[in-house]
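Asks: Next comes run_26.cif, mmCIF, C-alpha atoms:
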```
data_target
#
loop_
_atom_site.label_atom_id
_atom_site.label_comp_id
_atom_site.auth_asym_id
_atom_site.auth_seq_id
_atom_site.Cartn_x
_atom_site.Cartn_y
_atom_site.Cartn_z
CA MET A 1 122.49 93.78 92.88
CA GLY A 2 122.97 95.86 89.76
CA ALA A 3 119.30 96.77 89.76
CA ALA A 4 119.43 97.83 93.41
CA ILE A 5 122.42 100.11 92.86
CA GLY A 6 120.81 101.72 89.82
CA ASP A 7 117.60 102.29 91.75
CA ILE A 8 119.40 103.78 94.76
CA VAL A 9 121.42 106.23 92.67
CA GLY A 10 118.50 107.18 90.45
CA ALA A 11 116.14 107.69 93.40
CA ALA A 12 118.17 110.68 94.55
CA VAL A 13 117.44 112.62 91.35
CA GLU A 14 114.17 111.07 90.18
CA ALA A 15 112.02 113.30 87.93
CA GLU A 16 114.73 115.95 87.64
CA SER A 17 116.00 117.34 84.35
CA PRO A 18 119.46 116.41 83.04
CA GLU A 19 120.48 120.05 83.36
CA TYR A 20 119.50 120.17 87.02
CA ILE A 21 121.24 116.89 87.82
CA ALA A 22 124.45 118.01 86.11
CA SER A 23 124.36 121.28 88.04
CA LYS A 24 124.23 119.44 91.37
CA PHE A 25 126.41 116.37 90.78
CA HIS A 26 129.34 115.38 88.63
CA SER A 27 129.34 111.64 89.25
CA VAL A 28 127.49 108.68 90.71
CA ASP A 29 129.92 108.71 93.63
CA GLU A 30 128.91 112.29 94.46
CA ILE A 31 125.26 111.27 94.51
CA LEU A 32 125.95 108.30 96.77
CA ALA A 33 128.04 110.48 99.10
CA THR A 34 125.05 112.74 99.70
CA GLU A 35 123.28 112.02 102.98
CA SER A 36 119.77 113.07 102.04
CA ILE A 37 117.71 114.86 99.41
CA PRO A 38 114.88 117.26 100.30
CA GLU A 39 111.42 116.07 99.25
CA PHE A 40 108.55 118.29 98.10
CA ALA A 41 106.43 116.85 100.88
CA GLY A 42 107.38 114.83 103.94
CA PRO A 43 110.81 114.02 105.32
CA SER A 44 113.97 114.14 103.23
CA TRP A 45 114.89 111.13 101.12
CA ARG A 46 117.78 109.22 102.65
CA VAL A 47 120.26 108.35 99.92
CA GLY A 48 121.04 104.65 100.09
CA ARG A 49 117.42 103.53 100.32
CA PHE A 50 115.81 101.93 97.30
CA THR A 51 112.35 102.60 95.94
CA ASP A 52 109.42 100.36 95.04
CA ASP A 53 111.45 99.21 92.02
CA THR A 54 113.87 97.08 94.04
CA GLN A 55 111.34 96.33 96.77
CA MET A 56 109.04 94.68 94.24
CA MET A 57 111.90 93.05 92.32
CA LEU A 58 112.99 91.29 95.51
CA GLY A 59 109.36 90.32 96.03
CA VAL A 60 109.40 88.66 92.60
CA ALA A 61 112.57 86.78 93.58
CA GLU A 62 110.92 85.50 96.76
CA TRP A 63 107.78 84.58 94.80
CA LEU A 64 109.87 82.52 92.39
CA LEU A 65 111.41 80.70 95.34
CA GLU A 66 108.16 79.92 97.10
CA ASP A 67 105.56 79.53 94.33
CA HIS A 68 106.52 77.30 91.43
CA SER A 69 103.01 77.67 90.02
CA HIS A 70 103.82 81.36 89.45
CA SER A 71 100.37 82.51 90.52
CA PRO A 72 99.78 86.23 89.86
CA GLU A 73 97.42 86.34 92.84
CA LYS A 74 100.11 85.05 95.19
CA LEU A 75 102.55 87.62 93.84
CA LEU A 76 100.03 90.39 94.45
CA GLU A 77 99.55 89.12 98.00
CA ARG A 78 103.30 89.32 98.56
CA PHE A 79 103.42 92.84 97.18
CA ALA A 80 100.58 93.88 99.49
CA ASN A 81 102.23 92.31 102.53
CA THR A 82 105.49 94.19 101.94
CA PHE A 83 103.90 97.47 100.84
CA GLU A 84 105.67 100.54 102.22
CA PRO A 85 104.07 103.71 100.79
CA TRP A 86 107.12 105.91 101.34
CA ARG A 87 109.03 103.98 98.65
CA ARG A 88 107.31 106.06 95.94
CA TYR A 89 104.94 103.54 94.43
CA GLY A 90 103.06 104.64 91.32
CA SER A 91 99.56 105.87 92.05
CA GLY A 92 97.87 102.97 90.26
CA THR A 93 99.93 100.30 91.98
CA GLU A 94 99.51 101.95 95.35
CA ALA A 95 95.73 101.97 94.94
CA ILE A 96 95.74 98.27 94.05
CA LEU A 97 97.91 97.32 97.03
CA ARG A 98 95.76 99.31 99.42
CA GLN A 99 92.55 97.72 98.13
CA PHE A 100 93.75 94.14 97.80
CA PRO A 101 93.36 93.06 101.47
CA ASP A 102 89.64 93.92 101.32
CA HIS A 103 89.04 92.64 97.79
CA ARG A 104 91.09 89.47 97.46
CA ASP A 105 88.44 87.69 95.43
CA GLN A 106 88.45 90.57 92.92
CA TRP A 107 92.20 90.81 92.45
CA GLN A 108 91.96 90.54 88.67
CA ALA A 109 89.58 93.48 88.46
CA LEU A 110 91.81 95.67 90.60
CA SER A 111 94.37 96.03 87.80
CA THR A 112 91.84 97.98 85.72
CA ALA A 113 90.18 99.89 88.57
CA MET A 114 92.15 103.08 87.84
CA PHE A 115 93.05 102.47 84.20
CA PRO A 116 90.17 100.82 82.25
CA TYR A 117 92.53 99.11 79.81
CA GLY A 118 95.23 98.42 82.38
CA SER A 119 98.34 100.42 83.15
CA TYR A 120 101.15 100.57 80.60
CA GLY A 121 103.58 102.11 83.07
CA ASN A 122 107.06 100.68 83.60
CA GLY A 123 106.18 99.26 87.01
CA SER A 124 106.13 95.62 85.96
CA ALA A 125 109.21 95.77 83.72
CA MET A 126 111.31 97.24 86.53
CA ARG A 127 110.84 94.15 88.69
CA VAL A 128 111.31 91.20 86.29
CA ALA A 129 115.11 90.77 86.47
CA PRO A 130 114.92 87.61 88.64
CA ILE A 131 112.68 85.99 86.02
CA GLY A 132 115.27 86.62 83.32
CA LEU A 133 117.93 85.04 85.51
CA VAL A 134 115.92 81.99 86.53
CA PHE A 135 114.66 81.18 83.03
CA ALA A 136 117.67 82.41 81.08
CA ASN A 137 117.82 79.19 79.07
CA ASP A 138 114.10 79.09 78.25
CA MET A 139 112.96 82.31 76.60
CA LYS A 140 109.40 81.07 76.10
CA LYS A 141 108.99 80.24 79.77
CA ALA A 142 110.67 83.52 80.74
CA ALA A 143 108.11 85.45 78.69
CA GLU A 144 105.18 83.50 80.16
CA VAL A 145 106.27 84.15 83.74
CA ALA A 146 107.06 87.81 82.99
CA ILE A 147 103.49 88.28 81.74
CA ALA A 148 102.11 86.51 84.82
CA SER A 149 104.17 88.80 87.06
CA SER A 150 102.84 91.89 85.29
CA ARG A 151 99.18 90.90 85.37
CA PRO A 152 98.31 91.91 88.98
CA THR A 153 99.23 95.58 88.54
CA HIS A 154 100.00 96.28 84.87
CA SER A 155 97.60 94.48 82.54
CA HIS A 156 97.90 96.61 79.41
CA PRO A 157 99.50 94.85 76.41
CA LEU A 158 102.29 97.44 76.29
CA ALA A 159 103.14 96.70 79.90
CA TYR A 160 103.32 92.99 79.08
CA GLN A 161 105.53 93.71 76.09
CA GLY A 162 107.86 95.91 78.12
CA ALA A 163 108.15 93.34 80.89
CA VAL A 164 108.95 90.62 78.35
CA LEU A 165 111.62 92.71 76.59
CA GLN A 166 113.33 93.55 79.87
CA THR A 167 113.20 89.88 80.87
CA ILE A 168 114.70 88.82 77.52
CA ALA A 169 117.46 91.43 77.89
CA VAL A 170 118.43 90.11 81.34
CA ALA A 171 118.24 86.49 80.18
CA THR A 172 120.41 87.22 77.16
CA ALA A 173 122.92 89.07 79.31
CA ALA A 174 123.13 86.19 81.77
CA THR A 175 123.87 83.65 79.02
CA SER A 176 126.21 85.70 76.80
CA ALA A 177 129.94 85.10 76.99
CA GLU A 178 130.69 87.99 74.64
CA PHE A 179 128.87 91.10 73.52
CA LEU A 180 127.12 91.43 70.19
CA SER A 181 124.26 93.90 70.06
CA GLN A 182 122.31 91.74 67.62
CA ASN A 183 122.35 88.89 70.11
CA PHE A 184 120.21 91.11 72.33
CA ILE A 185 118.02 92.82 69.73
CA SER A 186 117.11 89.74 67.68
CA PRO A 187 115.48 87.77 70.52
CA MET A 188 113.59 90.91 71.54
CA ARG A 189 112.15 91.22 68.05
CA THR A 190 111.25 87.54 68.14
CA ALA A 191 109.54 88.00 71.51
CA LEU A 192 107.36 90.76 70.10
CA THR A 193 105.90 88.40 67.47
CA ARG A 194 104.13 86.63 70.34
CA PHE A 195 102.04 89.77 70.75
CA SER A 196 101.68 90.73 67.09
CA ASP A 197 100.36 87.22 66.41
CA LEU A 198 97.57 88.10 68.87
CA LEU A 199 96.92 91.24 66.79
CA GLN A 200 98.30 93.49 69.50
CA ASP A 201 99.99 96.72 68.50
CA THR A 202 103.74 96.27 68.96
CA SER A 203 104.75 99.30 66.90
CA PRO A 204 105.99 101.40 69.86
CA PHE A 205 108.58 98.77 70.74
CA VAL A 206 109.37 97.81 67.15
CA GLN A 207 110.10 101.46 66.38
CA ALA A 208 112.15 101.77 69.57
CA LEU A 209 114.28 98.76 68.59
CA ASP A 210 114.77 100.30 65.16
CA ALA A 211 115.92 103.54 66.80
CA ILE A 212 118.24 101.60 69.11
CA GLU A 213 119.91 99.83 66.20
CA ASN A 214 120.25 103.09 64.31
CA GLY A 215 121.66 104.83 67.39
CA LEU A 216 124.22 102.13 68.03
CA GLY A 217 125.31 102.28 64.39
CA LYS A 218 125.91 106.01 64.70
CA ALA A 219 127.38 105.82 68.24
CA THR A 220 124.63 108.17 69.41
CA SER A 221 125.06 109.23 73.02
CA CYS A 222 122.54 108.16 75.65
CA ARG A 223 121.66 111.81 76.26
CA GLU A 224 120.84 112.33 72.59
CA MET A 225 118.98 109.02 72.38
CA SER A 226 116.86 110.04 75.37
CA SER A 227 115.25 112.73 73.21
CA ILE A 228 114.22 109.99 70.76
CA LEU A 229 113.21 107.16 73.08
CA GLY A 230 112.07 109.22 76.06
CA THR A 231 112.74 108.87 79.78
CA GLY A 232 109.17 108.83 81.08
CA VAL A 233 107.26 106.39 83.24
CA THR A 234 105.64 104.43 80.41
CA ALA A 235 107.00 101.01 79.54
CA GLN A 236 107.50 102.01 75.91
CA GLU A 237 109.86 104.82 76.96
CA ALA A 238 111.71 103.50 80.00
CA VAL A 239 112.42 99.95 78.82
CA PRO A 240 114.05 100.86 75.48
CA MET A 241 116.02 103.67 77.15
CA ALA A 242 117.38 101.29 79.79
CA ILE A 243 118.29 98.75 77.14
CA TYR A 244 120.10 101.41 75.11
CA CYS A 245 122.12 102.58 78.13
CA PHE A 246 123.42 99.04 78.49
CA LEU A 247 123.98 98.34 74.80
CA ARG A 248 125.86 101.63 74.41
CA HIS A 249 128.27 100.79 77.27
CA PRO A 250 128.25 96.99 77.62
CA GLU A 251 131.67 96.70 79.23
CA SER A 252 131.23 99.26 82.02
CA PHE A 253 128.67 98.90 84.79
CA GLU A 254 129.63 102.28 86.21
CA GLN A 255 129.14 104.03 82.88
CA VAL A 256 125.76 102.39 82.37
CA ILE A 257 124.52 103.69 85.72
CA HIS A 258 126.00 107.15 85.11
CA GLU A 259 124.28 107.46 81.74
CA ALA A 260 120.94 106.13 83.00
CA VAL A 261 120.90 108.62 85.86
CA PHE A 262 122.29 111.75 84.21
CA ILE A 263 119.76 111.70 81.34
CA GLY A 264 117.06 112.72 83.83
CA GLY A 265 113.41 111.69 83.92
CA ASP A 266 112.37 108.46 85.61
CA THR A 267 115.94 107.89 86.66
CA ASP A 268 115.41 105.31 89.39
CA THR A 269 113.54 102.92 87.09
CA VAL A 270 115.68 103.41 83.99
CA ALA A 271 118.86 102.94 86.04
CA CYS A 272 117.34 99.98 87.89
CA MET A 273 116.58 98.17 84.64
CA ALA A 274 119.84 99.14 82.95
CA GLY A 275 121.76 98.08 86.06
CA ALA A 276 119.99 94.72 86.08
CA ILE A 277 121.05 93.99 82.49
CA SER A 278 124.61 95.17 83.06
CA GLY A 279 124.92 93.21 86.28
CA ALA A 280 123.66 90.06 84.59
CA PHE A 281 126.18 90.48 81.77
CA LEU A 282 129.28 91.54 83.71
CA GLY A 283 128.70 89.82 87.05
CA VAL A 284 128.50 91.14 90.58
CA ASP A 285 132.26 91.62 90.92
CA VAL A 286 132.16 94.67 88.62
CA ILE A 287 129.96 96.57 91.05
CA PRO A 288 132.27 98.83 93.08
CA PRO A 289 132.42 97.90 96.78
CA ARG A 290 132.11 101.63 97.54
CA SER A 291 128.69 101.56 95.88
CA LEU A 292 127.55 98.40 97.64
CA SER A 293 128.58 99.91 100.98
CA GLN A 294 126.05 102.69 100.41
CA ILE A 295 123.04 100.35 100.53
CA LYS A 296 121.27 101.52 103.69
CA GLU A 297 118.55 98.95 104.13
CA GLU A 298 117.78 96.96 107.25
CA ARG A 299 116.10 93.88 105.76
CA TYR A 300 117.73 93.84 102.34
CA SER A 301 121.39 94.58 102.92
CA ALA A 302 123.87 93.87 100.13
CA SER A 303 124.65 90.48 101.67
CA ALA A 304 120.94 89.66 102.03
CA ILE A 305 120.33 90.44 98.36
CA ARG A 306 123.26 88.25 97.37
CA ASN A 307 121.99 85.43 99.58
CA LEU A 308 118.58 85.66 97.91
CA ALA A 309 120.25 85.38 94.51
CA ASP A 310 122.20 82.35 95.71
CA ASP A 311 118.99 80.73 96.92
CA LEU A 312 117.37 81.32 93.53
CA PHE A 313 120.33 79.77 91.77
CA ASP A 314 120.24 76.72 94.03
CA GLU A 315 116.47 76.33 93.52
CA TYR A 316 116.47 76.59 89.74
CA ALA A 317 119.92 75.40 88.66
CA ASP A 318 119.77 72.46 86.27
#
```
With the file now loaded, output its structure as structure tokens.
Replies:
Amino acid sequence: MGAAIGDIVGAAVEAESPEYIASKFHSVDEILATESIPEFAGPSWRVGRFTDDTQMMLGVAEWLLEDHSHSPEKLLERFANTFEPWRRYGSGTEAILRQFPDHRDQWQALSTAMFPYGSYGNGSAMRVAPIGLVFANDMKKAAEVAIASSRPTHSHPLAYQGAVLQTIAVATAATSAEFLSQNFISPMRTALTRFSDLLQDTSPFVQALDAIENGLGKATSCREMSSILGTGVTAQEAVPMAIYCFLRHPESFEQVIHEAVFIGGDTDTVACMAGAISGAFLGVDVIPPRSLSQIKEERYSASAIRNLADDLFDEYAD
């Protein structure tokens, strides 16, 4: 639910600069009160609809319910069956989903059709929150399933690393009774050793975690940290930025979303991921009813999303 709200708010100002956003809106509530946003091409964007971020995240949740083998191919099939181009899919993912029905037996090759070494965009990290919730008490399993969920569309090592870090953040949030920043950062560093042991370059995320620790120590604002970490569409920018928005304001869901949106850039994805971590830590009751009432989706209403979460809990609860 936290991810969906972050995505919905961020979608209204996606790719805009922080200066532009601040000139148009003063708060998250003002954004949500807006009926629609003009698009460069096509019809206006209706505020209250979510993007591919939440659409695919809910697809991961349904995949976890129905496929306990966690087959990447079956996840890709689900993504293709629920593909709605107007939700602003990334170009690489859109190409894969369009080609999959005619190339099912080549699904593994599709992930490198546009990017020879695989995409390292944030598209797989944005959708892994359900994995962090389901395997919150088994970090190794959480990482394995996160990688499997990334493989169909984002097969670059940096994409895997970003998906794992976001999964670990959500899992840690879901199992933490109190907030200590090190309780989040330490397991992320540990998770990265999985990749460094395979001789993969983990320096972008190691350096980002160093910057996060330094920023927290100096109480650096999210706006200032965005100039260090970045707010772009790559996993190595968006994931650390989302994590910092949460770690900087762990006790306020509303502040996390505000910061993630008003820093500009890939606002829907950063806010989606930050909202997922905050929601997992604080619980659904901290999400303002006025925000939930702005979800304008036919299939995935607020109650439908909550029911899906309940089903996941029932399926995987020990």
Asks: List every residue of region 78-172 of chain A that has an atom at most 12 Å from any atom of region 201-207 of chain A, and for each one report the closest atom pair and its distance in Å to one decimal, counting all atoms listed in the file, with rows sorted by chain and then by increasing residue number, as JSON lines.
Replies:
```
{"residue": "A:Tyr120", "atom": "CA", "partner": "A:Pro204", "partner_atom": "CA", "distance": 11.8}
{"residue": "A:His156", "atom": "CA", "partner": "A:Asp201", "partner_atom": "CA", "distance": 11.1}
{"residue": "A:Pro157", "atom": "CA", "partner": "A:Asp201", "partner_atom": "CA", "distance": 8.1}
{"residue": "A:Leu158", "atom": "CA", "partner": "A:Thr202", "partner_atom": "CA", "distance": 7.6}
{"residue": "A:Ala159", "atom": "CA", "partner": "A:Phe205", "partner_atom": "CA", "distance": 10.9}
{"residue": "A:Tyr160", "atom": "CA", "partner": "A:Thr202", "partner_atom": "CA", "distance": 10.6}
{"residue": "A:Gln161", "atom": "CA", "partner": "A:Thr202", "partner_atom": "CA", "distance": 7.8}
{"residue": "A:Gly162", "atom": "CA", "partner": "A:Phe205", "partner_atom": "CA", "distance": 7.9}
{"residue": "A:Ala163", "atom": "CA", "partner": "A:Phe205", "partner_atom": "CA", "distance": 11.5}
{"residue": "A:Val164", "atom": "CA", "partner": "A:Phe205", "partner_atom": "CA", "distance": 11.2}
{"residue": "A:Leu165", "atom": "CA", "partner": "A:Phe205", "partner_atom": "CA", "distance": 9.0}
{"residue": "A:Gln166", "atom": "CA", "partner": "A:Phe205", "partner_atom": "CA", "distance": 11.5}
```
Asks: Could you tell me, as a ChimeraX atom specification, exactly which residues end up selected when the PyMOL selection byres ((chain A and resi 218-231) around 7) is applied to this structure?
Replies: /A:208,214-217,232-233,237-238,240-241,245,259,263,265-266
Asks: Tell me which of A:Met1, A:Leu192, A:Ala113, A:Ala173 sits closest to Phe281 (chain A), counting all atoms listed in the file.
Replies: A:Ala173
Asks: Work out how far CA of Ala11 (chain A) is from CA of Pro38 (chain A), in Å to one decimal.
Replies: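 CA of Ala11 (chain A) lies 11.9 Å from CA of Pro38 (chain A).
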Asks: Which residues come within 12 Å of Gly279 (chain A), counting all atoms listed in the file, excluding same-chain residues fewer than 5 positions away, as a PyMOL selection string?
Replies: chain A and resi 1-6+129-130+133+169-174+246+250-254+256-257+271-274+284-288
Asks: When you count only C-alpha atoms, which of these residues is closest to Gly48 (chain A): A:Gln200, A:Thr167, A:Asn137, A:Ser36?
Replies: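 When distances to Gly48 (chain A) are compared using only C-alpha atoms, the smallest one comes from A:Ser36.
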Asks: Could you list the residues chosen by the PyMOL selection byres ((chain A and resi 122) around 6) in this structure as number ranges by chain?
Replies: A: 121, 123-125, 233-235
Asks: Print the selection's residues with C-alpha atoms to a file, as a compact mmCIF listing (two decimals), in the coordinates of the input.
Replies:
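After the write, selection.txt holds the following:
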```
# COMPACT_ATOMS: atom_id res chain seq x y z
CA GLY A 121 103.58 102.11 83.07
CA GLY A 123 106.18 99.26 87.01
CA SER A 124 106.13 95.62 85.96
CA ALA A 125 109.21 95.77 83.72
CA VAL A 233 107.26 106.39 83.24
CA THR A 234 105.64 104.43 80.41
CA ALA A 235 107.00 101.01 79.54
```
Asks: When the PyMOL selection byres ((chain A and resi 109) around 12) is applied to the file above, which residues end up in the set, as a VMD selection string?
Replies: chain A and resid 73 96 99 to 100 103 to 108 110 to 118 151 to 155
Asks: Please provide as an MDAnalysis selection string all residues within 9 Å of Ile131 (chain A), with the sequence filter that same-chain residues fewer than 5 positions apart are discarded (counting all atoms listed in the file).
Replies: chainID A and resid 60:61 64 136 142:143 145:146 167 170:171
Asks: So how many Å separate CA of Arg49 (chain A) and CA of Ile295 (chain A), to one decimal?
Replies: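 Between CA of Arg49 (chain A) and CA of Ile295 (chain A) the gap is 6.5 Å.
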Asks: May I ask for the distance between CA of Ala260 (chain A) and CA of Ala242 (chain A), given in Å to one decimal place?
Replies: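 Between these atoms lies a distance of 6.8 Å.
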Asks: Compare A:Gln55, A:Asp67, A:Lys74, A:Arg189 by their minimum atom-to-atom distance to Arg299 (chain A), counting only C-alpha atoms, and give me the closest one.
Replies: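 Closest to Arg299 (chain A) of all the choices is A:Gln55.
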Asks: Between A:Trp45, A:Ser176, A:Val134, A:Arg87, single out the one closest to Ala309 (chain A), counting only C-alpha atoms.
Replies: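 Looking at the shortest contact to Ala309 (chain A), the residue is A:Val134.
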Asks: Excluding Leu32 (chain A) and residues on its chain fewer than 6 positions from it, collect all residues at most 7 Å away from it, counting only C-alpha atoms, and give them as an MDAnalysis selection string.
Replies: chainID A and resid 9 47:48 294
Asks: Give the answer as one residue: which of A:Tyr300, A:Phe262, A:Phe179, A:Trp86 has the shortest atom-to-atom distance to Ile31 (chain A), using only C-alpha atoms?
Replies: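 That would be A:Phe262, the residue with the smallest distance to Ile31 (chain A).
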Asks: Go through A:Ala95, A:Leu282, A:Leu312, A:Ile185 one by one, measure the shortest atom-to-atom distance of each to Tyr244 (chain A) using only C-alpha atoms, and give the residue with the smallest value.
Replies: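 Counting only C-alpha atoms, the residue closest to Tyr244 (chain A) is A:Ile185.
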Asks: Name the residues in contact with Asp53 (chain A) at a cut-off of 7 Å, using all atoms listed in the file, excluding same-chain residues fewer than 4 positions from it; report them as a VMD selection string.
Replies: chain A and resid 7 57 126 to 127 269
